[in-house]
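Visitor: Data file data09.pdb (PDB, C-alpha atoms) is appended below.
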```pdb
ATOM      1  CA  MET M  27      78.144-168.198  71.386
ATOM      2  CA  ILE M  28      77.192-164.779  72.714
ATOM      3  CA  LEU M  29      76.168-165.018  76.351
ATOM      4  CA  SER M  30      73.361-162.481  76.594
ATOM      5  CA  HIS M  31      72.109-160.841  79.775
ATOM      6  CA  MET M  32      68.921-162.893  79.470
ATOM      7  CA  ASP M  33      70.947-166.124  79.242
ATOM      8  CA  ASN M  34      72.857-165.235  82.363
ATOM      9  CA  HIS M  35      69.610-164.512  84.117
ATOM     10  CA  LEU M  36      68.020-167.867  83.227
ATOM     11  CA  ASN M  37      71.219-169.719  84.254
ATOM     12  CA  ARG M  38      71.023-168.448  87.808
ATOM     13  CA  PHE M  39      67.262-168.709  87.905
ATOM     14  CA  PHE M  40      67.140-172.402  86.942
ATOM     15  CA  ALA M  41      70.167-173.232  89.149
ATOM     16  CA  ALA M  42      68.343-171.613  92.095
ATOM     17  CA  LEU M  43      65.326-173.883  91.513
ATOM     18  CA  SER M  44      67.408-177.087  91.379
ATOM     19  CA  ASP M  45      67.084-177.584  95.146
ATOM     20  CA  PRO M  46      63.991-178.791  97.094
ATOM     21  CA  THR M  47      64.537-176.395 100.050
ATOM     22  CA  ARG M  48      64.697-173.424  97.711
ATOM     23  CA  ARG M  49      61.591-174.575  95.799
ATOM     24  CA  ALA M  50      59.752-174.983  99.139
ATOM     25  CA  VAL M  51      60.677-171.367 100.007
ATOM     26  CA  ILE M  52      59.267-170.169  96.670
ATOM     27  CA  GLU M  53      56.074-172.201  97.220
ATOM     28  CA  ARG M  54      55.672-170.574 100.640
ATOM     29  CA  LEU M  55      56.386-167.052  99.338
ATOM     30  CA  ALA M  56      53.885-167.459  96.492
ATOM     31  CA  GLU M  57      51.264-167.286  99.269
ATOM     32  CA  GLY M  58      52.655-163.962 100.495
ATOM     33  CA  PRO M  59      55.714-162.296 102.094
ATOM     34  CA  ALA M  60      57.222-163.893 105.217
ATOM     35  CA  THR M  61      59.939-163.166 107.757
ATOM     36  CA  VAL M  62      63.209-165.082 107.591
ATOM     37  CA  SER M  63      62.409-166.949 110.832
ATOM     38  CA  ASP M  64      58.959-167.978 109.551
ATOM     39  CA  LEU M  65      60.581-169.228 106.353
ATOM     40  CA  ALA M  66      63.288-171.140 108.231
ATOM     41  CA  ARG M  67      60.955-172.844 110.741
ATOM     42  CA  PRO M  68      59.702-175.817 108.627
ATOM     43  CA  HIS M  69      63.242-176.678 107.501
ATOM     44  CA  ASP M  70      65.329-179.005 109.616
ATOM     45  CA  MET M  71      68.602-177.189 109.029
ATOM     46  CA  ALA M  72      71.016-174.815 110.792
ATOM     47  CA  LEU M  73      70.177-171.137 110.205
ATOM     48  CA  PRO M  74      73.464-170.356 108.342
ATOM     49  CA  SER M  75      72.709-173.155 105.844
ATOM     50  CA  PHE M  76      69.196-171.867 105.399
ATOM     51  CA  LEU M  77      70.437-168.290 104.891
ATOM     52  CA  LYS M  78      72.769-169.611 102.183
ATOM     53  CA  HIS M  79      69.725-170.951 100.319
ATOM     54  CA  LEU M  80      68.021-167.552 100.624
ATOM     55  CA  ARG M  81      71.152-165.907  99.227
ATOM     56  CA  VAL M  82      71.100-168.195  96.158
ATOM     57  CA  LEU M  83      67.429-167.307  95.583
ATOM     58  CA  GLU M  84      68.225-163.597  95.970
ATOM     59  CA  GLU M  85      71.189-163.775  93.572
ATOM     60  CA  GLY M  86      68.972-165.651  91.118
ATOM     61  CA  GLY M  87      66.547-162.696  91.241
ATOM     62  CA  LEU M  88      63.696-164.853  92.597
ATOM     63  CA  ILE M  89      63.288-163.064  95.927
ATOM     64  CA  ALA M  90      64.034-159.711  97.546
ATOM     65  CA  SER M  91      63.915-158.618 101.169
ATOM     66  CA  GLU M  92      63.673-155.534 103.357
ATOM     67  CA  LYS M  93      64.682-155.042 106.979
ATOM     68  CA  LYS M  94      62.565-153.151 109.532
ATOM     69  CA  GLY M  95      64.132-153.010 112.961
ATOM     70  CA  ARG M  96      65.436-156.518 113.608
ATOM     71  CA  VAL M  97      62.974-158.283 111.324
ATOM     72  CA  ARG M  98      63.817-159.117 107.707
ATOM     73  CA  THR M  99      60.804-159.750 105.460
ATOM     74  CA  VAL M 100      61.194-161.643 102.206
ATOM     75  CA  HIS M 101      58.967-161.466  99.134
ATOM     76  CA  ILE M 102      58.878-163.232  95.799
ATOM     77  CA  GLU M 103      59.915-161.444  92.587
ATOM     78  CA  ALA M 104      57.239-162.344  90.059
ATOM     79  CA  ALA M 105      58.924-161.195  86.802
ATOM     80  CA  PRO M 106      61.706-163.841  86.561
ATOM     81  CA  LEU M 107      59.244-166.620  87.426
ATOM     82  CA  ALA M 108      57.092-165.477  84.500
ATOM     83  CA  GLU M 109      60.163-165.284  82.230
ATOM     84  CA  ALA M 110      61.202-168.890  82.973
ATOM     85  CA  GLU M 111      57.620-170.078  82.569
ATOM     86  CA  ASP M 112      57.508-168.314  79.170
ATOM     87  CA  TRP M 113      60.692-170.061  78.073
ATOM     88  CA  LEU M 114      59.292-173.513  78.960
ATOM     89  CA  ASN M 115      55.963-172.579  77.408
ATOM     90  CA  ARG M 116      57.630-171.597  74.104
ATOM     91  CA  GLN M 117      59.464-174.939  73.923
ATOM     92  CA  ARG M 118      56.262-176.875  74.593
ATOM     93  CA  ARG M 119      54.288-174.929  71.983
ATOM     94  CA  THR M 120      57.014-175.434  69.358
ATOM     95  CA  TRP M 121      57.044-179.150  70.165
ATOM     96  CA  GLU M 122      53.255-179.498  70.141
ATOM     97  CA  GLY M 123      53.022-177.474  66.910
ATOM     98  CA  ARG M 124      55.380-179.976  65.311
ATOM     99  CA  LEU M 125      53.298-182.927  66.550
ATOM    100  CA  ASP M 126      50.140-181.273  65.156
ATOM    101  CA  ARG M 127      51.791-180.845  61.750
ATOM    102  CA  LEU M 128      52.959-184.487  61.759
ATOM    103  CA  ASP M 129      49.449-185.556  62.710
ATOM    104  CA  ALA M 130      47.899-183.534  59.874
ATOM    105  CA  LEU M 131      50.448-185.009  57.442
ATOM    106  CA  ALA M 132      49.671-188.561  58.625
ATOM    107  CA  ARG M 133      45.944-187.981  58.079
ATOM    108  CA  ARG M 134      46.568-186.596  54.577
ATOM    109  CA  LEU M 135      48.712-189.630  53.694
ATOM    110  CA  ASP M 136      46.032-191.888  55.152
ATOM    111  CA  ARG M 137      43.321-190.355  52.952
ATOM    112  CA  GLY M 138      45.613-190.593  49.936
ATOM    113  CA  GLY M 139      45.976-194.343  50.573
ATOM    114  CA  ASP M 140      42.190-195.074  50.455
TER     115      ASP M 140
ATOM    116  CA  MET K  29      62.116-182.959 104.892
ATOM    117  CA  ILE K  30      61.175-185.988 102.821
ATOM    118  CA  LEU K  31      62.937-185.973  99.486
ATOM    119  CA  SER K  32      60.347-187.402  97.122
ATOM    120  CA  HIS K  33      61.000-188.917  93.716
ATOM    121  CA  MET K  34      59.330-185.879  92.151
ATOM    122  CA  ASP K  35      61.675-183.549  94.061
ATOM    123  CA  ASN K  36      64.678-185.464  92.828
ATOM    124  CA  HIS K  37      63.334-185.238  89.318
ATOM    125  CA  LEU K  38      62.841-181.444  89.418
ATOM    126  CA  ASN K  39      66.330-180.971  90.956
ATOM    127  CA  ARG K  40      68.040-182.575  87.987
ATOM    128  CA  PHE K  41      65.630-181.032  85.519
ATOM    129  CA  PHE K  42      66.223-177.428  86.652
ATOM    130  CA  ALA K  43      69.987-178.007  87.051
ATOM    131  CA  ALA K  44      70.068-179.267  83.444
ATOM    132  CA  LEU K  45      68.436-176.028  82.251
ATOM    133  CA  SER K  46      70.883-173.758  84.105
ATOM    134  CA  ASP K  47      73.264-173.696  81.129
ATOM    135  CA  PRO K  48      72.827-171.770  77.829
ATOM    136  CA  THR K  49      74.270-174.565  75.632
ATOM    137  CA  ARG K  50      71.827-177.070  77.103
ATOM    138  CA  ARG K  51      68.895-174.665  76.705
ATOM    139  CA  ALA K  52      69.924-174.114  73.061
ATOM    140  CA  VAL K  53      69.858-177.905  72.519
ATOM    141  CA  ILE K  54      66.332-178.073  73.976
ATOM    142  CA  GLU K  55      65.220-175.140  71.758
ATOM    143  CA  ARG K  56      66.584-176.995  68.714
ATOM    144  CA  LEU K  57      65.003-180.329  69.693
ATOM    145  CA  ALA K  58      61.606-178.694  70.274
ATOM    146  CA  GLU K  59      61.571-178.319  66.469
ATOM    147  CA  GLY K  60      62.137-182.058  65.996
ATOM    148  CA  PRO K  61      64.673-184.884  66.554
ATOM    149  CA  ALA K  62      68.264-184.343  65.384
ATOM    150  CA  THR K  63      71.490-186.305  65.128
ATOM    151  CA  VAL K  64      74.286-185.639  67.615
ATOM    152  CA  SER K  65      76.467-184.081  64.905
ATOM    153  CA  ASP K  66      73.668-181.740  63.778
ATOM    154  CA  LEU K  67      73.141-180.708  67.385
ATOM    155  CA  ALA K  68      76.863-180.142  67.987
ATOM    156  CA  ARG K  69      77.480-178.095  64.803
ATOM    157  CA  PRO K  70      76.308-174.611  65.970
ATOM    158  CA  HIS K  71      78.294-174.886  69.222
ATOM    159  CA  ASP K  72      81.887-173.728  69.271
ATOM    160  CA  MET K  73      83.086-176.481  71.590
ATOM    161  CA  ALA K  74      85.049-179.758  71.508
ATOM    162  CA  LEU K  75      82.807-182.794  70.943
ATOM    163  CA  PRO K  76      83.568-184.405  74.358
ATOM    164  CA  SER K  77      82.430-181.211  76.121
ATOM    165  CA  PHE K  78      79.292-181.121  74.014
ATOM    166  CA  LEU K  79      78.571-184.810  74.748
ATOM    167  CA  LYS K  80      78.881-184.027  78.448
ATOM    168  CA  HIS K  81      76.066-181.466  78.060
ATOM    169  CA  LEU K  82      73.917-184.073  76.288
ATOM    170  CA  ARG K  83      74.583-186.490  79.143
ATOM    171  CA  VAL K  84      73.362-183.945  81.715
ATOM    172  CA  LEU K  85      70.194-183.420  79.667
ATOM    173  CA  GLU K  86      69.684-187.189  79.389
ATOM    174  CA  GLU K  87      70.224-187.727  83.141
ATOM    175  CA  GLY K  88      67.784-184.880  83.802
ATOM    176  CA  GLY K  89      65.194-186.788  81.752
ATOM    177  CA  LEU K  90      64.863-183.986  79.173
ATOM    178  CA  ILE K  91      66.121-185.953  76.167
ATOM    179  CA  ALA K  92      66.494-189.552  75.004
ATOM    180  CA  SER K  93      68.361-191.017  72.047
ATOM    181  CA  GLU K  94      68.530-194.083  69.843
ATOM    182  CA  LYS K  95      71.379-195.385  67.705
ATOM    183  CA  LYS K  96      70.941-196.750  64.184
ATOM    184  CA  GLY K  97      74.193-197.918  62.597
ATOM    185  CA  ARG K  98      76.689-195.183  63.419
ATOM    186  CA  VAL K  99      74.155-192.381  63.780
ATOM    187  CA  ARG K 100      72.678-191.415  67.140
ATOM    188  CA  THR K 101      69.413-189.468  66.967
ATOM    189  CA  VAL K 102      68.240-187.404  69.913
ATOM    190  CA  HIS K 103      64.686-186.374  70.767
ATOM    191  CA  ILE K 104      63.075-184.263  73.459
ATOM    192  CA  GLU K 105      61.091-185.841  76.295
ATOM    193  CA  ALA K 106      57.962-183.745  76.588
ATOM    194  CA  ALA K 107      56.612-184.954  79.969
ATOM    195  CA  PRO K 108      59.264-183.444  82.305
ATOM    196  CA  LEU K 109      59.125-180.115  80.426
ATOM    197  CA  ALA K 110      55.380-180.025  81.095
ATOM    198  CA  GLU K 111      55.935-180.972  84.750
ATOM    199  CA  ALA K 112      58.382-178.104  85.364
ATOM    200  CA  GLU K 113      56.105-175.687  83.513
ATOM    201  CA  ASP K 114      53.227-176.830  85.759
ATOM    202  CA  TRP K 115      55.290-176.175  88.864
ATOM    203  CA  LEU K 116      56.105-172.607  87.757
ATOM    204  CA  ASN K 117      52.505-172.105  86.657
ATOM    205  CA  ARG K 118      51.184-173.156  90.085
ATOM    206  CA  GLN K 119      53.477-170.666  91.850
ATOM    207  CA  ARG K 120      52.406-167.845  89.532
ATOM    208  CA  ARG K 121      48.688-168.611  89.965
ATOM    209  CA  THR K 122      49.038-168.750  93.770
ATOM    210  CA  TRP K 123      50.867-165.425  93.674
ATOM    211  CA  GLU K 124      48.397-163.767  91.300
ATOM    212  CA  GLY K 125      45.443-165.138  93.311
ATOM    213  CA  ARG K 126      46.895-163.442  96.373
ATOM    214  CA  LEU K 127      47.312-160.124  94.494
ATOM    215  CA  ASP K 128      43.701-160.360  93.281
ATOM    216  CA  ARG K 129      42.484-160.875  96.857
ATOM    217  CA  LEU K 130      44.548-157.914  98.080
ATOM    218  CA  ASP K 131      43.156-155.825  95.255
ATOM    219  CA  ALA K 132      39.558-156.764  96.109
ATOM    220  CA  LEU K 133      40.250-155.953  99.761
ATOM    221  CA  ALA K 134      41.742-152.559  98.849
ATOM    222  CA  ARG K 135      38.657-151.723  96.772
ATOM    223  CA  ARG K 136      36.344-152.748  99.618
ATOM    224  CA  LEU K 137      38.281-150.553 102.064
ATOM    225  CA  ASP K 138      38.199-147.726  99.531
ATOM    226  CA  ARG K 139      34.407-147.879  99.213
ATOM    227  CA  GLY K 140      34.103-148.041 103.012
ATOM    228  CA  GLY K 141      36.088-144.779 103.230
ATOM    229  CA  ASP K 142      33.736-142.810 100.938
TER     230      ASP K 142
END
```
Output the file's structure in the form of structure tokens.
Guide:
Amino acid sequence: MILSHMDNHLNRFFAALSDPTRRAVIERLAEGPATVSDLARPHDMALPSFLKHLRVLEEGGLIASEKKGRVRTVHIEAAPLAEAEDWLNRQRRTWEGRLDRLDALARRLDRGGD
Amino acid sequence: MILSHMDNHLNRFFAALSDPTRRAVIERLAEGPATVSDLARPHDMALPSFLKHLRVLEEGGLIASEKKGRVRTVHIEAAPLAEAEDWLNRQRRTWEGRLDRLDALARRLDRGGD
């Protein structure tokens, strides 16, 4: 199997979301950018552990950050979120399309049996 | 942080999707149920390795299977796919809602500056 760039991207994206702390960070950042200390505050965890979670999100392309003086501000990256949502959406539509076709077939068979 | 049942569910779900072989299986199953050997065929991999991928998908709640005689047939579980899609969708809408508000604010400030 050819491992495309897109595949690689989705691997790291979905792996990054497989943790509740990291999903909570994304939920917070969806409301707007935040500093690292604001992001860390609600999580009962040592700062180095928390920073490790941020690094996984950054490597997964879900967030980016900039530093101004001593304050690092983090923001969400919208494009990969949309890409993963599209992937799930395509699977659901394929699946629902199949169910619709089965349903139509069942109704045709039903009418044929009258 | 309280680790809810739903959290646990999404952890395993997203981890299951962080692999291209497993995503390919889901793409195939979105088109309809398939036997294990049909699913394995396009993948250049020993059967035990492939079965391990199916197990991860099953533990993540994405697929289920039934055995009839010697043939095991696998189907997709639609509900968790929809749940993960909803989660991503909520983040995107929160994010886009914020951009819309910023945009409206920028236009108001712009008019004020005329």
Visitor: Could the residues of chain K that have an atom at most 10 Å from chain M be listed as CSV, each with its closest atom pair and the distance in Å to one decimal, counting all atoms listed in the file and ordered by chain and ascending residue number?
Guide:
```
residue,atom,partner,partner_atom,distance
K:Met29,CA,M:His69,CA,6.9
K:Ile30,CA,M:Pro46,CA,9.6
K:Leu31,CA,M:Pro46,CA,7.6
K:Ser32,CA,M:Pro46,CA,9.4
K:Met34,CA,M:Pro46,CA,9.8
K:Asp35,CA,M:Pro46,CA,6.1
K:Asn36,CA,M:Pro46,CA,7.9
K:His37,CA,M:Ser44,CA,9.3
K:Leu38,CA,M:Ser44,CA,6.6
K:Asn39,CA,M:Ser44,CA,4.1
K:Arg40,CA,M:Ser44,CA,6.5
K:Phe41,CA,M:Ser44,CA,7.3
K:Phe42,CA,M:Ser44,CA,4.9
K:Ala43,CA,M:Ser44,CA,5.1
K:Ala44,CA,M:Phe40,CA,8.2
K:Leu45,CA,M:Phe40,CA,6.1
K:Ser46,CA,M:Asn37,CA,4.1
K:Asp47,CA,M:Asn37,CA,5.5
K:Pro48,CA,M:Asp33,CA,6.1
K:Thr49,CA,M:Met27,CA,8.6
K:Arg51,CA,M:Asp33,CA,9.1
K:Ile54,CA,M:Gln117,CA,7.5
K:Glu55,CA,M:Gln117,CA,6.2
K:Arg56,CA,M:Gln117,CA,9.1
K:Leu57,CA,M:Trp121,CA,8.1
K:Ala58,CA,M:Trp121,CA,4.6
K:Glu59,CA,M:Trp121,CA,5.9
K:Gly60,CA,M:Arg124,CA,7.1
K:Pro70,CA,M:Met27,CA,8.6
K:His71,CA,M:Met27,CA,7.0
K:Asp72,CA,M:Met27,CA,7.0
K:Met73,CA,M:Met27,CA,9.6
K:Ile104,CA,M:Trp121,CA,8.6
K:Glu105,CA,M:Trp121,CA,9.9
K:Ala106,CA,M:Arg118,CA,7.4
K:Ala107,CA,M:Arg118,CA,9.7
K:Leu109,CA,M:Leu114,CA,6.8
K:Ala110,CA,M:Arg118,CA,7.3
K:Ala112,CA,M:Leu114,CA,7.9
K:Glu113,CA,M:Glu111,CA,5.9
K:Asp114,CA,M:Glu111,CA,8.7
K:Trp115,CA,M:Glu111,CA,9.1
K:Leu116,CA,M:Glu111,CA,6.0
K:Asn117,CA,M:Glu111,CA,6.9
K:Arg118,CA,M:Glu53,CA,8.7
K:Gln119,CA,M:Ala56,CA,5.7
K:Arg120,CA,M:Ala56,CA,7.1
K:Arg121,CA,M:Ala56,CA,8.4
K:Thr122,CA,M:Ala56,CA,5.7
K:Trp123,CA,M:Ala56,CA,4.6
K:Glu124,CA,M:Ala56,CA,8.4
K:Gly125,CA,M:Glu57,CA,8.6
K:Arg126,CA,M:Glu57,CA,6.5
K:Leu127,CA,M:Gly58,CA,8.9
```
Visitor: Calculate how many Å separate CA of Leu82 in chain K from CA of Arg50 in chain K, rounding to one decimal.
Guide: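 CA of Leu82 in chain K sits 7.4 Å away from CA of Arg50 in chain K.
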Visitor: For a test of reading the model, state the distance in Å between CA of Ala132 in chain M and CA of His103 in chain K, rounded to one decimal.
Guide: 19.4 Å
Visitor: Suppose a student applies the PyMOL selection byres ((chain K and resi 83) around 12) to this structure; what residues should they get, written as a PyMOL selection string?
Guide: chain K and resi 40+44+50+53+64+76-82+84-93+102
Visitor: Can you measure CA of Lys94 in chain M to CA of Pro59 in chain M for me? One decimal in Å is fine.
Guide: 13.6 Å
Visitor: Take range 71-89 of chain M, model N, CA and C atoms, and hand the result over as a PDB file, in the frame of the given file.
Guide:
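Once everything was written out, this is out-v7.pdb:
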```pdb
ATOM      1  N   MET M  71      67.279-177.574 109.546  1.00  0.00           N
ATOM      2  CA  MET M  71      68.602-177.189 109.029  1.00  0.00           C
ATOM      3  C   MET M  71      69.108-176.017 109.861  1.00  0.00           C
ATOM      4  N   ALA M  72      70.438-175.942 110.043  1.00  0.00           N
ATOM      5  CA  ALA M  72      71.016-174.815 110.792  1.00  0.00           C
ATOM      6  C   ALA M  72      70.732-173.503 110.055  1.00  0.00           C
ATOM      7  N   LEU M  73      70.539-172.414 110.823  1.00  0.00           N
ATOM      8  CA  LEU M  73      70.177-171.137 110.205  1.00  0.00           C
ATOM      9  C   LEU M  73      71.192-170.683 109.142  1.00  0.00           C
ATOM     10  N   PRO M  74      72.515-170.803 109.380  1.00  0.00           N
ATOM     11  CA  PRO M  74      73.464-170.356 108.342  1.00  0.00           C
ATOM     12  C   PRO M  74      73.270-171.088 107.006  1.00  0.00           C
ATOM     13  N   SER M  75      72.959-172.400 107.083  1.00  0.00           N
ATOM     14  CA  SER M  75      72.709-173.155 105.844  1.00  0.00           C
ATOM     15  C   SER M  75      71.454-172.642 105.168  1.00  0.00           C
ATOM     16  N   PHE M  76      70.434-172.365 105.974  1.00  0.00           N
ATOM     17  CA  PHE M  76      69.196-171.867 105.399  1.00  0.00           C
ATOM     18  C   PHE M  76      69.411-170.498 104.750  1.00  0.00           C
ATOM     19  N   LEU M  77      70.175-169.632 105.435  1.00  0.00           N
ATOM     20  CA  LEU M  77      70.437-168.290 104.891  1.00  0.00           C
ATOM     21  C   LEU M  77      71.195-168.381 103.565  1.00  0.00           C
ATOM     22  N   LYS M  78      72.037-169.415 103.439  1.00  0.00           N
ATOM     23  CA  LYS M  78      72.769-169.611 102.183  1.00  0.00           C
ATOM     24  C   LYS M  78      71.777-169.880 101.038  1.00  0.00           C
ATOM     25  N   HIS M  79      70.757-170.694 101.336  1.00  0.00           N
ATOM     26  CA  HIS M  79      69.725-170.951 100.319  1.00  0.00           C
ATOM     27  C   HIS M  79      69.007-169.653  99.925  1.00  0.00           C
ATOM     28  N   LEU M  80      68.695-168.829 100.931  1.00  0.00           N
ATOM     29  CA  LEU M  80      68.021-167.552 100.624  1.00  0.00           C
ATOM     30  C   LEU M  80      68.917-166.681  99.741  1.00  0.00           C
ATOM     31  N   ARG M  81      70.238-166.730 100.022  1.00  0.00           N
ATOM     32  CA  ARG M  81      71.152-165.907  99.227  1.00  0.00           C
ATOM     33  C   ARG M  81      71.151-166.363  97.762  1.00  0.00           C
ATOM     34  N   VAL M  82      71.132-167.685  97.542  1.00  0.00           N
ATOM     35  CA  VAL M  82      71.100-168.195  96.158  1.00  0.00           C
ATOM     36  C   VAL M  82      69.816-167.726  95.451  1.00  0.00           C
ATOM     37  N   LEU M  83      68.694-167.761  96.177  1.00  0.00           N
ATOM     38  CA  LEU M  83      67.429-167.307  95.583  1.00  0.00           C
ATOM     39  C   LEU M  83      67.489-165.810  95.276  1.00  0.00           C
ATOM     40  N   GLU M  84      68.131-165.048  96.168  1.00  0.00           N
ATOM     41  CA  GLU M  84      68.225-163.597  95.970  1.00  0.00           C
ATOM     42  C   GLU M  84      69.129-163.290  94.778  1.00  0.00           C
ATOM     43  N   GLU M  85      70.264-163.989  94.690  1.00  0.00           N
ATOM     44  CA  GLU M  85      71.189-163.775  93.572  1.00  0.00           C
ATOM     45  C   GLU M  85      70.569-164.226  92.250  1.00  0.00           C
ATOM     46  N   GLY M  86      69.677-165.203  92.316  1.00  0.00           N
ATOM     47  CA  GLY M  86      68.972-165.651  91.118  1.00  0.00           C
ATOM     48  C   GLY M  86      67.824-164.723  90.740  1.00  0.00           C
ATOM     49  N   GLY M  87      67.594-163.675  91.551  1.00  0.00           N
ATOM     50  CA  GLY M  87      66.547-162.696  91.241  1.00  0.00           C
ATOM     51  C   GLY M  87      65.148-163.183  91.581  1.00  0.00           C
ATOM     52  N   LEU M  88      65.027-164.302  92.308  1.00  0.00           N
ATOM     53  CA  LEU M  88      63.696-164.853  92.597  1.00  0.00           C
ATOM     54  C   LEU M  88      63.034-164.227  93.815  1.00  0.00           C
ATOM     55  N   ILE M  89      63.852-163.691  94.733  1.00  0.00           N
ATOM     56  CA  ILE M  89      63.288-163.064  95.927  1.00  0.00           C
ATOM     57  C   ILE M  89      64.007-161.751  96.217  1.00  0.00           C
TER      58      ILE M  89
END
```
